[in-house]
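Here is structure15.cif, consisting of mmCIF, C-alpha atoms:
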data_model
loop_
_atom_site.label_atom_id
_atom_site.label_comp_id
_atom_site.auth_asym_id
_atom_site.auth_seq_id
_atom_site.Cartn_x
_atom_site.Cartn_y
_atom_site.Cartn_z
CA MET M 1 128.58 150.67 69.60
CA SER M 2 126.84 148.83 66.75
CA VAL M 3 123.09 148.38 66.90
CA PRO M 4 122.10 144.69 67.11
CA THR M 5 119.79 143.31 64.47
CA ILE M 6 116.23 142.44 65.38
CA PRO M 7 115.34 138.73 65.44
CA THR M 8 113.01 137.66 62.68
CA CYS M 9 110.36 136.79 65.27
CA PHE M 10 109.65 140.54 65.60
CA LEU M 11 108.32 140.72 62.05
CA LEU M 12 104.74 141.92 62.21
CA PRO M 13 102.06 139.98 60.35
CA THR M 14 100.61 141.50 57.19
CA TYR M 15 96.87 141.95 57.52
CA ILE M 16 95.04 141.74 54.19
CA ASN M 17 92.04 144.01 54.55
CA THR M 18 91.17 146.77 52.10
CA ASN M 19 89.35 148.73 54.80
CA PHE M 20 92.56 149.31 56.79
CA THR M 21 94.50 152.50 56.45
CA GLN M 22 98.12 152.37 55.40
CA GLU M 23 99.12 152.95 59.03
CA GLU M 24 97.02 149.98 60.19
CA LYS M 25 98.46 147.70 57.52
CA ASN M 26 101.99 148.44 58.67
CA PRO M 27 101.71 150.55 61.85
CA PHE M 28 105.41 150.26 62.70
CA PRO M 29 107.69 149.86 59.67
CA PHE M 30 110.16 147.21 60.73
CA GLN M 31 113.27 149.15 59.76
CA GLN M 32 112.29 151.95 62.17
CA ILE M 33 112.24 149.69 65.25
CA GLN M 34 115.70 149.10 66.64
CA THR M 35 116.88 147.93 70.00
CA ASP M 36 119.46 149.92 71.89
CA PRO M 37 121.34 148.00 74.58
CA THR M 38 121.77 151.26 76.52
CA ARG M 39 118.05 152.03 76.39
CA PRO M 40 116.06 148.95 77.50
CA ASP M 41 113.06 151.23 78.00
CA ARG M 42 112.82 151.71 74.22
CA PHE M 43 112.70 147.93 73.69
CA THR M 44 109.95 147.52 76.31
CA TYR M 45 108.00 150.41 74.75
CA HIS M 46 108.16 148.92 71.26
CA MET M 47 107.21 145.46 72.49
CA ALA M 48 104.18 146.98 74.24
CA LEU M 49 103.17 148.69 70.99
CA VAL M 50 103.54 145.44 69.07
CA ARG M 51 101.37 143.58 71.56
CA GLU M 52 98.79 146.39 71.48
CA ARG M 53 98.58 146.35 67.68
CA ARG M 54 98.20 142.57 67.68
CA GLN M 55 94.87 143.02 69.48
CA LEU M 56 93.21 144.29 66.28
CA ASN M 57 89.73 142.87 65.86
CA LEU M 58 90.20 140.55 62.90
CA ARG M 59 87.51 138.05 63.84
CA LEU M 60 85.30 136.67 61.11
CA PRO M 61 81.97 134.93 61.65
CA LEU M 62 82.51 131.18 61.80
CA PRO M 63 80.03 128.60 60.51
CA GLU M 64 78.16 126.40 62.92
CA PRO M 65 80.10 123.33 64.15
CA SER M 66 77.89 121.05 62.08
CA GLU M 67 78.81 122.99 58.95
CA ARG M 68 82.53 122.88 59.78
CA ARG M 69 82.54 119.08 59.99
CA PRO M 70 84.16 117.64 56.88
CA ARG M 71 81.73 116.27 54.29
CA PHE M 72 83.95 113.21 54.14
CA PRO M 73 86.90 112.07 56.31
CA LEU M 74 90.36 113.17 55.27
CA PRO M 75 92.46 110.30 53.88
CA LEU M 76 94.79 108.71 56.41
CA PRO M 77 98.42 108.05 55.60
CA PRO M 78 98.86 104.53 54.18
CA SER M 79 99.41 101.86 56.80
CA SER M 80 102.54 100.41 55.22
CA ILE M 81 105.00 102.37 53.12
CA SER M 82 108.41 101.53 51.80
CA THR M 83 110.41 104.63 50.94
CA THR M 84 113.90 105.01 49.55
CA ASN M 85 116.14 107.90 50.51
CA SER M 86 118.20 108.72 47.44
CA THR M 87 120.85 110.70 49.29
CA ALA M 88 121.54 108.09 51.95
CA ASN M 89 120.63 105.18 49.67
CA THR M 90 118.70 103.52 52.48
CA THR M 91 115.22 102.03 52.66
CA THR M 92 112.80 102.77 55.49
CA THR M 93 109.76 100.54 56.07
CA THR M 94 106.98 101.67 58.36
CA ALA M 95 106.26 99.79 61.56
CA PRO M 96 103.28 97.39 61.35
CA THR M 97 100.01 98.48 62.94
CA THR M 98 96.94 96.54 64.09
CA THR M 99 93.44 96.81 62.63
CA ILE M 100 91.10 97.59 65.52
CA SER M 101 87.62 99.12 65.37
CA ILE M 102 86.29 101.57 67.94
CA SER M 103 83.57 99.07 68.92
CA GLU M 104 86.27 96.73 70.25
CA LEU M 105 87.47 99.31 72.80
CA GLU M 106 86.03 100.25 76.18
CA LYS M 107 86.80 103.76 77.46
CA LEU M 108 88.03 103.66 81.06
CA LYS M 109 88.89 107.30 81.78
CA VAL M 110 90.03 110.58 80.28
CA LEU M 111 93.79 111.10 80.48
CA GLY M 112 93.87 114.63 79.07
CA HIS M 113 92.42 117.27 76.77
CA GLY M 114 93.93 119.78 74.39
CA ASN M 115 94.71 120.81 70.84
CA GLY M 116 91.34 119.83 69.40
CA GLY M 117 91.19 116.37 70.91
CA THR M 118 91.03 114.06 73.92
CA VAL M 119 93.24 111.21 75.15
CA TYR M 120 91.52 108.23 76.79
CA LYS M 121 92.67 105.19 78.67
CA VAL M 122 90.93 102.29 76.92
CA ARG M 123 90.75 98.50 77.21
CA HIS M 124 90.43 96.03 74.38
CA LYS M 125 87.27 94.05 75.18
CA ARG M 126 88.53 90.71 73.92
CA THR M 127 92.19 90.71 75.03
CA SER M 128 91.91 93.12 78.03
CA ALA M 129 95.00 94.92 76.73
CA ILE M 130 95.29 98.54 77.91
CA TYR M 131 96.01 101.34 75.43
CA ALA M 132 95.94 105.12 75.18
CA LEU M 133 93.53 106.40 72.51
CA LYS M 134 94.16 109.90 71.15
CA VAL M 135 91.05 111.23 69.39
CA VAL M 136 91.02 114.39 67.28
CA HIS M 137 87.50 115.62 66.62
CA GLY M 138 86.21 115.94 63.08
CA ASP M 139 85.16 119.57 63.53
CA SER M 140 88.51 120.70 64.93
CA ASP M 141 90.72 123.29 63.24
CA PRO M 142 92.20 122.14 59.90
CA GLU M 143 95.72 122.77 61.22
CA VAL M 144 95.03 120.40 64.14
CA ARG M 145 93.94 117.73 61.70
CA ARG M 146 97.07 118.27 59.64
CA GLN M 147 99.12 117.81 62.80
CA ILE M 148 97.41 114.54 63.69
CA LEU M 149 97.97 113.22 60.16
CA ARG M 150 101.63 114.22 60.43
CA GLU M 151 101.87 112.43 63.77
CA ILE M 152 100.31 109.29 62.29
CA SER M 153 102.75 109.38 59.39
CA ILE M 154 105.75 109.68 61.71
CA LEU M 155 104.58 107.06 64.22
CA ARG M 156 104.09 104.59 61.39
CA ARG M 157 107.70 105.15 60.32
CA THR M 158 109.22 104.57 63.76
CA ASP M 159 110.05 101.38 65.62
CA SER M 160 112.17 102.17 68.67
CA PRO M 161 111.83 101.22 72.36
CA TYR M 162 112.41 104.91 73.16
CA VAL M 163 109.59 106.27 70.97
CA ILE M 164 105.93 105.75 71.85
CA LYS M 165 104.48 102.87 69.81
CA CYS M 166 101.46 103.25 67.54
CA HIS M 167 99.26 100.13 67.59
CA GLY M 168 96.77 101.30 65.03
CA VAL M 169 94.78 104.14 63.49
CA ILE M 170 90.99 104.30 63.71
CA ASP M 171 88.89 106.24 61.21
CA MET M 172 85.87 106.99 63.39
CA PRO M 173 82.31 108.05 62.51
CA GLY M 174 81.78 111.76 61.92
CA GLY M 175 85.29 112.41 60.69
CA ASP M 176 87.04 111.84 64.04
CA ILE M 177 90.50 110.27 63.90
CA GLY M 178 91.92 108.03 66.62
CA ILE M 179 95.50 106.90 67.26
CA LEU M 180 95.82 103.79 69.40
CA MET M 181 99.11 103.99 71.31
CA GLU M 182 100.86 102.12 74.07
CA TYR M 183 99.76 103.18 77.54
CA MET M 184 102.37 104.59 79.93
CA ASN M 185 100.95 104.10 83.42
CA VAL M 186 102.76 106.91 85.27
CA GLY M 187 102.05 109.71 82.83
CA THR M 188 104.51 112.41 81.79
CA LEU M 189 107.76 113.66 83.31
CA GLU M 190 105.92 116.93 83.94
CA SER M 191 103.31 115.22 86.13
CA LEU M 192 106.02 113.19 87.85
CA LEU M 193 107.96 116.38 88.60
CA LYS M 194 104.87 117.91 90.26
CA SER M 195 104.43 114.86 92.48
CA GLN M 196 108.04 114.33 93.57
CA ALA M 197 109.53 117.87 93.36
CA THR M 198 112.92 117.13 91.72
CA PHE M 199 115.08 114.36 90.27
CA THR M 200 118.51 113.17 91.33
CA GLU M 201 121.49 113.24 88.97
CA LEU M 202 121.42 109.45 88.66
CA SER M 203 117.73 109.51 87.68
CA LEU M 204 118.41 112.27 85.17
CA ALA M 205 121.32 110.34 83.67
CA LYS M 206 118.99 107.39 83.04
CA ILE M 207 116.32 109.68 81.59
CA ALA M 208 118.86 111.49 79.40
CA LYS M 209 120.26 108.25 77.99
CA GLN M 210 116.78 107.02 77.01
CA VAL M 211 115.72 110.30 75.43
CA LEU M 212 119.03 110.61 73.57
CA SER M 213 118.66 107.05 72.31
CA GLY M 214 115.24 108.02 70.98
CA LEU M 215 116.55 111.23 69.44
CA ASP M 216 119.48 109.43 67.86
CA TYR M 217 117.04 106.98 66.26
CA LEU M 218 114.75 109.80 65.04
CA HIS M 219 117.59 111.96 63.73
CA ASN M 220 119.10 109.00 61.88
CA HIS M 221 115.70 108.62 60.20
CA LYS M 222 115.72 112.36 59.44
CA ILE M 223 112.89 113.17 61.87
CA ILE M 224 113.10 116.29 64.03
CA HIS M 225 110.74 116.45 67.00
CA ARG M 226 110.69 120.28 67.48
CA ASP M 227 108.63 120.20 70.71
CA LEU M 228 110.66 118.24 73.24
CA LYS M 229 109.65 119.09 76.83
CA PRO M 230 108.66 117.29 80.07
CA SER M 231 104.99 116.98 79.07
CA ASN M 232 105.92 115.18 75.82
CA LEU M 233 108.07 112.55 77.53
CA LEU M 234 105.99 109.64 78.82
CA VAL M 235 107.06 107.32 81.63
CA ASN M 236 105.89 104.06 83.21
CA ARG M 237 106.45 102.47 86.63
CA GLU M 238 109.67 100.86 85.43
CA MET M 239 110.94 104.40 84.69
CA GLU M 240 111.07 103.68 80.98
CA VAL M 241 110.91 107.02 79.17
CA LYS M 242 109.52 107.39 75.65
CA ILE M 243 109.22 110.36 73.29
CA ALA M 244 105.65 111.24 72.30
CA ASP M 245 103.57 113.89 70.52
CA PHE M 246 104.90 114.37 66.99
CA GLY M 247 102.24 116.88 65.89
CA VAL M 248 104.74 119.59 64.94
CA SER M 249 107.63 117.32 64.00
CA LYS M 250 109.31 117.46 60.60
CA ILE M 251 110.59 114.78 58.28
CA MET M 252 113.72 116.02 56.53
CA CYS M 253 113.42 114.69 52.98
CA ARG M 254 116.74 116.23 51.92
CA THR M 255 119.87 116.98 53.89
CA LEU M 256 119.63 120.73 53.25
CA ASP M 257 115.91 121.11 53.98
CA PRO M 258 115.23 124.26 56.03
CA CYS M 259 113.81 123.65 59.48
CA ASN M 260 113.35 127.04 61.12
CA SER M 261 109.55 127.12 61.29
CA TYR M 262 108.09 128.90 64.30
CA VAL M 263 106.29 125.90 65.78
CA GLY M 264 106.39 124.13 69.12
CA THR M 265 106.46 125.53 72.64
CA CYS M 266 108.44 128.79 72.65
CA ALA M 267 109.82 128.27 76.17
CA TYR M 268 111.90 125.31 74.98
CA MET M 269 112.89 126.77 71.60
CA SER M 270 116.56 127.20 70.82
CA PRO M 271 118.02 130.64 69.96
CA GLU M 272 118.26 129.83 66.24
CA ARG M 273 114.53 129.08 66.14
CA PHE M 274 113.92 132.70 67.19
CA ASP M 275 116.85 134.27 65.36
CA PRO M 276 118.29 132.01 62.64
CA ASP M 277 120.44 134.79 61.15
CA THR M 278 122.46 135.20 64.36
CA TYR M 279 122.58 131.69 65.82
CA GLY M 280 121.72 129.40 62.93
CA VAL M 281 124.97 129.21 60.97
CA ASN M 282 124.99 125.81 59.24
CA TYR M 283 121.80 124.96 61.13
CA ASN M 284 120.35 121.57 60.16
CA GLY M 285 117.38 121.40 62.54
CA TYR M 286 118.50 118.52 64.75
CA ALA M 287 120.41 120.77 67.18
CA ALA M 288 117.15 122.37 68.34
CA ASP M 289 116.06 119.07 69.92
CA ILE M 290 119.31 118.97 71.91
CA TRP M 291 118.73 122.47 73.30
CA SER M 292 115.21 121.45 74.38
CA LEU M 293 116.61 118.34 76.08
CA GLY M 294 119.12 120.44 78.04
CA LEU M 295 116.37 122.77 79.35
CA THR M 296 114.16 119.78 80.17
CA LEU M 297 116.87 118.10 82.27
CA MET M 298 117.62 121.36 84.08
CA GLU M 299 113.94 121.85 84.88
CA LEU M 300 113.65 118.32 86.27
CA TYR M 301 116.72 118.93 88.44
CA MET M 302 115.87 122.44 89.66
CA GLY M 303 112.10 122.01 89.96
CA HIS M 304 111.27 125.07 87.85
CA PHE M 305 111.89 126.41 84.35
CA PRO M 306 115.61 127.38 84.21
CA PHE M 307 115.21 130.82 82.61
CA LEU M 308 112.75 132.06 85.27
CA PRO M 309 112.62 132.27 89.07
CA PRO M 310 110.45 129.68 90.85
CA GLY M 311 106.75 130.44 90.55
CA GLN M 312 107.04 133.04 87.78
CA ARG M 313 104.77 132.48 84.78
CA PRO M 314 106.58 132.99 81.46
CA ASP M 315 105.40 135.36 78.76
CA TRP M 316 106.53 135.42 75.15
CA ALA M 317 108.57 138.64 75.29
CA THR M 318 110.42 137.67 78.50
CA LEU M 319 111.29 134.24 77.15
CA MET M 320 112.44 135.55 73.78
CA CYS M 321 114.71 138.13 75.39
CA ALA M 322 116.16 135.61 77.85
CA ILE M 323 116.85 133.00 75.15
CA CYS M 324 118.20 135.35 72.47
CA PHE M 325 119.93 138.12 74.46
CA GLY M 326 120.81 136.43 77.76
CA GLU M 327 123.36 133.79 78.65
CA PRO M 328 122.30 130.12 78.81
CA PRO M 329 121.11 129.14 82.30
CA SER M 330 123.56 127.39 84.60
CA LEU M 331 123.11 124.70 87.22
CA PRO M 332 123.24 125.63 90.92
CA GLU M 333 126.27 124.96 93.10
CA GLY M 334 126.74 121.40 94.24
CA THR M 335 126.14 119.65 90.93
CA SER M 336 128.78 117.28 89.60
CA GLU M 337 131.29 118.40 86.99
CA ASN M 338 130.05 115.76 84.53
CA PHE M 339 126.44 116.92 84.79
CA ARG M 340 127.44 120.56 84.46
CA ASP M 341 129.54 119.86 81.38
CA PHE M 342 126.77 117.74 79.84
CA ILE M 343 124.27 120.60 80.16
CA GLU M 344 126.78 123.07 78.68
CA CYS M 345 127.18 120.78 75.65
CA CYS M 346 123.39 120.89 75.18
CA LEU M 347 122.94 124.63 75.71
CA GLN M 348 125.48 126.16 73.36
CA LYS M 349 123.78 129.21 71.84
CA GLU M 350 125.52 128.70 68.51
CA SER M 351 123.78 125.67 67.02
CA SER M 352 126.90 124.40 65.24
CA LYS M 353 128.72 124.09 68.60
CA ARG M 354 126.00 121.99 70.21
CA TRP M 355 126.72 118.29 70.56
CA SER M 356 124.66 115.81 68.57
CA ALA M 357 122.61 113.03 70.15
CA GLN M 358 125.21 110.49 69.05
CA GLN M 359 128.04 112.51 70.64
CA LEU M 360 126.13 113.02 73.90
CA LEU M 361 125.54 109.28 74.23
CA GLN M 362 129.33 109.02 74.67
CA HIS M 363 129.48 111.76 77.32
CA PRO M 364 130.84 110.63 80.73
CA PHE M 365 127.63 111.74 82.46
CA ILE M 366 125.64 108.91 80.88
CA LEU M 367 128.25 106.61 79.32
CA SER M 368 128.32 104.21 82.29
CA ILE M 369 124.51 103.98 82.57
CA ASP M 370 123.28 100.47 81.72
CA LEU M 371 119.62 100.72 80.74
CA LYS M 372 119.20 96.93 80.63
CA SER M 373 119.91 96.64 84.36
CA THR M 374 117.51 99.43 85.39
#

If you took the structure in this file and wrote it as structure tokens, what would it be?
Amino acid sequence: MSVPTIPTCFLLPTYINTNFTQEEKNPFPFQQIQTDPTRPDRFTYHMALVRERRQLNLRLPLPEPSERRPRFPLPLPPSSISTTNSTANTTTTTAPTTTISISELEKLKVLGHGNGGTVYKVRHKRTSAIYALKVVHGDSDPEVRRQILREISILRRTDSPYVIKCHGVIDMPGGDIGILMEYMNVGTLESLLKSQATFTELSLAKIAKQVLSGLDYLHNHKIIHRDLKPSNLLVNREMEVKIADFGVSKIMCRTLDPCNSYVGTCAYMSPERFDPDTYGVNYNGYAADIWSLGLTLMELYMGHFPFLPPGQRPDWATLMCAICFGEPPSLPEGTSENFRDFIECCLQKESSKRWSAQQLLQHPFILSIDLKST
């Protein structure tokens, strides 16, 4: 029996520190660690060693928060850009945004925290219009600030009813950055799932058609989301669903750009994101969003993450093994043939066999759904 290759996600980081011994720099030479399908205990043992070694104390003293604050605010992406794609010979113009100052907004409540920032529900004092204001603090991690600038750049390029709308960007005192976005009054599909347990097939068909319409728009504009999941899909009382949170998204400048970066939420990552050598033949990046959509719809239908039993908290090693070495999850008995086939088209382990957003919009499961009448 041939020994399977190890996914690239097992590569250990290289620690640059002259005080480390040779063993500490590379405690487990990669070529010596091999999985044996007949000896799962060896795999568990090596994973435990990897996790143990990753606990090395590499902390460095950090400056005080006041010293970490930028001396001057980072430049924001320009508010209106006209770009030409030479390969497609098309021109993309950014969506218009509004000039609003922070003094014109009244904070009503906090909607959420995380990733170096806070999201508020705000009201425009003069017009009484309600918005969501995402603020990233000036002393947050540089990578977080890069993500918010990337999100601003992408939101300014998009103009689709299925993608959250950016109404403006606010350069705030102290280096903080704010994105003024449309407010979705129900919240996320994740919060809706917690309140109503599960979704019917008809509800999921309507959700799937909206998300796929958004993905089709993004992919046609060479934008890959890379972190599609229930908490990044916003919904209002009319059950309009919109894609949000583009912090780790990628704009594909050229058709053959690589897009196998290890970013996003690992639970919803496709097999080729973990192991591009095995599952990423002719991988163009867009197929990963389709895999994430398939898992999202299954979770909304089943009430729990498809790869794990109800109530079990995922860990990195368990998820990686399930996604790379296990079979794709399947729907329980009693689901319709159309829904089952739709999910199978999304969850093909080989990325080249996965259907595109455009193809899935023609699938019988959602083809008859009329979004205008809902």

Review point. The PyMOL selection byres ((chain M and resi 103) around 12) on the file shown: which residues, as a PyMOL selection string?
Key: chain M and resi 99-102+104-107+122-126+170-173

Export of prior selection with C-alpha atoms as an mmCIF file, in the coordinates of the input:
data_model
loop_
_atom_site.group_PDB
_atom_site.id
_atom_site.type_symbol
_atom_site.label_atom_id
_atom_site.label_comp_id
_atom_site.auth_asym_id
_atom_site.auth_seq_id
_atom_site.Cartn_x
_atom_site.Cartn_y
_atom_site.Cartn_z
ATOM 1 C CA THR M 99 93.440 96.810 62.630
ATOM 2 C CA ILE M 100 91.100 97.590 65.520
ATOM 3 C CA SER M 101 87.620 99.120 65.370
ATOM 4 C CA ILE M 102 86.290 101.570 67.940
ATOM 5 C CA GLU M 104 86.270 96.730 70.250
ATOM 6 C CA LEU M 105 87.470 99.310 72.800
ATOM 7 C CA GLU M 106 86.030 100.250 76.180
ATOM 8 C CA LYS M 107 86.800 103.760 77.460
ATOM 9 C CA VAL M 122 90.930 102.290 76.920
ATOM 10 C CA ARG M 123 90.750 98.500 77.210
ATOM 11 C CA HIS M 124 90.430 96.030 74.380
ATOM 12 C CA LYS M 125 87.270 94.050 75.180
ATOM 13 C CA ARG M 126 88.530 90.710 73.920
ATOM 14 C CA ILE M 170 90.990 104.300 63.710
ATOM 15 C CA ASP M 171 88.890 106.240 61.210
ATOM 16 C CA MET M 172 85.870 106.990 63.390
ATOM 17 C CA PRO M 173 82.310 108.050 62.510
#

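Residue nearest His221 (chain M), chosen from M:Arg273, M:His167, M:Arg157, M:Lys194 and counting all atoms listed in the file: M:Arg157.
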
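Of the listed residues M:Tyr120, M:Glu190, M:Asp275, M:Ser330, the one whose atoms come nearest to Pro306 (chain M) is M:Ser330, with distances taken using all atoms listed in the file.
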
Review point. Smallest atom-to-atom distance to Asp245 (chain M): which of M:Glu143, M:Glu182, M:Asp216, M:Glu151, using only C-alpha atoms?
Key: M:Glu151

Review point. Residues at most 9 Å from region 308-325 of chain M, counting only C-alpha atoms, excluding those fewer than 2 positions away in the same chain, as a VMD selection string?
Key: chain M and resid 7 9 47 266 to 267 269 to 272 274 to 275 279 303 to 306 327 to 328 349

Exercise for review: May I ask which of the residues M:Asp141, M:Tyr183, M:Gly168, M:Thr188 is the closest one to Leu300 (chain M), counting all atoms listed in the file?
Suggested key: M:Thr188

Review point. Quick one: which residues end up in the PyMOL selection byres ((chain M and resi 114) around 12) for this structure, as a PyMOL selection string?
Key: chain M and resi 110-113+115-119+134-137+140+144+245

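Computed from the coordinates, the CA of His225 (chain M) to CA of Ile290 (chain M) distance equals 10.2 Å.
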
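With only C-alpha atoms as the atoms that count, the minimum distance from Thr335 (chain M) to the choices M:Glu201, M:Val169, M:Pro161, M:Ser153 is reached by M:Glu201.
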
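The space separating CA of Cys166 (chain M) from CA of Gln359 (chain M) comes to 28.3 Å.
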
Practice item. Kindly indicate which residue among M:Ser213, M:Ser336, M:Gln362, M:Asn284 lies nearest to Thr200 (chain M), using only C-alpha atoms for the distances. Key: M:Ser336

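Once the PyMOL selection byres ((chain M and resi 357) around 9) is applied to this file, the selection holds Leu212, Ser213, Gly214, Leu215, Asp216, His219, Tyr286, Ala287, Asp289, Ile290, Trp355, Ser356, Gln358, Gln359, Leu360 and Leu361 of chain M.
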
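Our summary of the geometry notes that CA of Phe365 (chain M) is positioned 15.3 Å from CA of Gly334 (chain M).
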
Review point. Can you list, as a list in words, every protein, DNA or RNA residue that comes within 10 Å of Phe246 (chain M) when you count all atoms listed in the file, leaving out same-chain residues fewer than 4 positions away?
Key: Gln147, Ile148, Leu149, Arg150, Glu151, Ile152, Ser153, Ile154, Leu155, Ile164, Ile223, Ile224, His225, Arg226, Asp227, Leu228, Asn232 and Lys250 of chain M

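Once Cys345 (chain M) and its same-chain neighbours fewer than 3 positions away are set aside, Asp341, Phe342, Gln348, Lys353, Arg354 and Trp355 of chain M remain within 8 Å of it when counting only C-alpha atoms.
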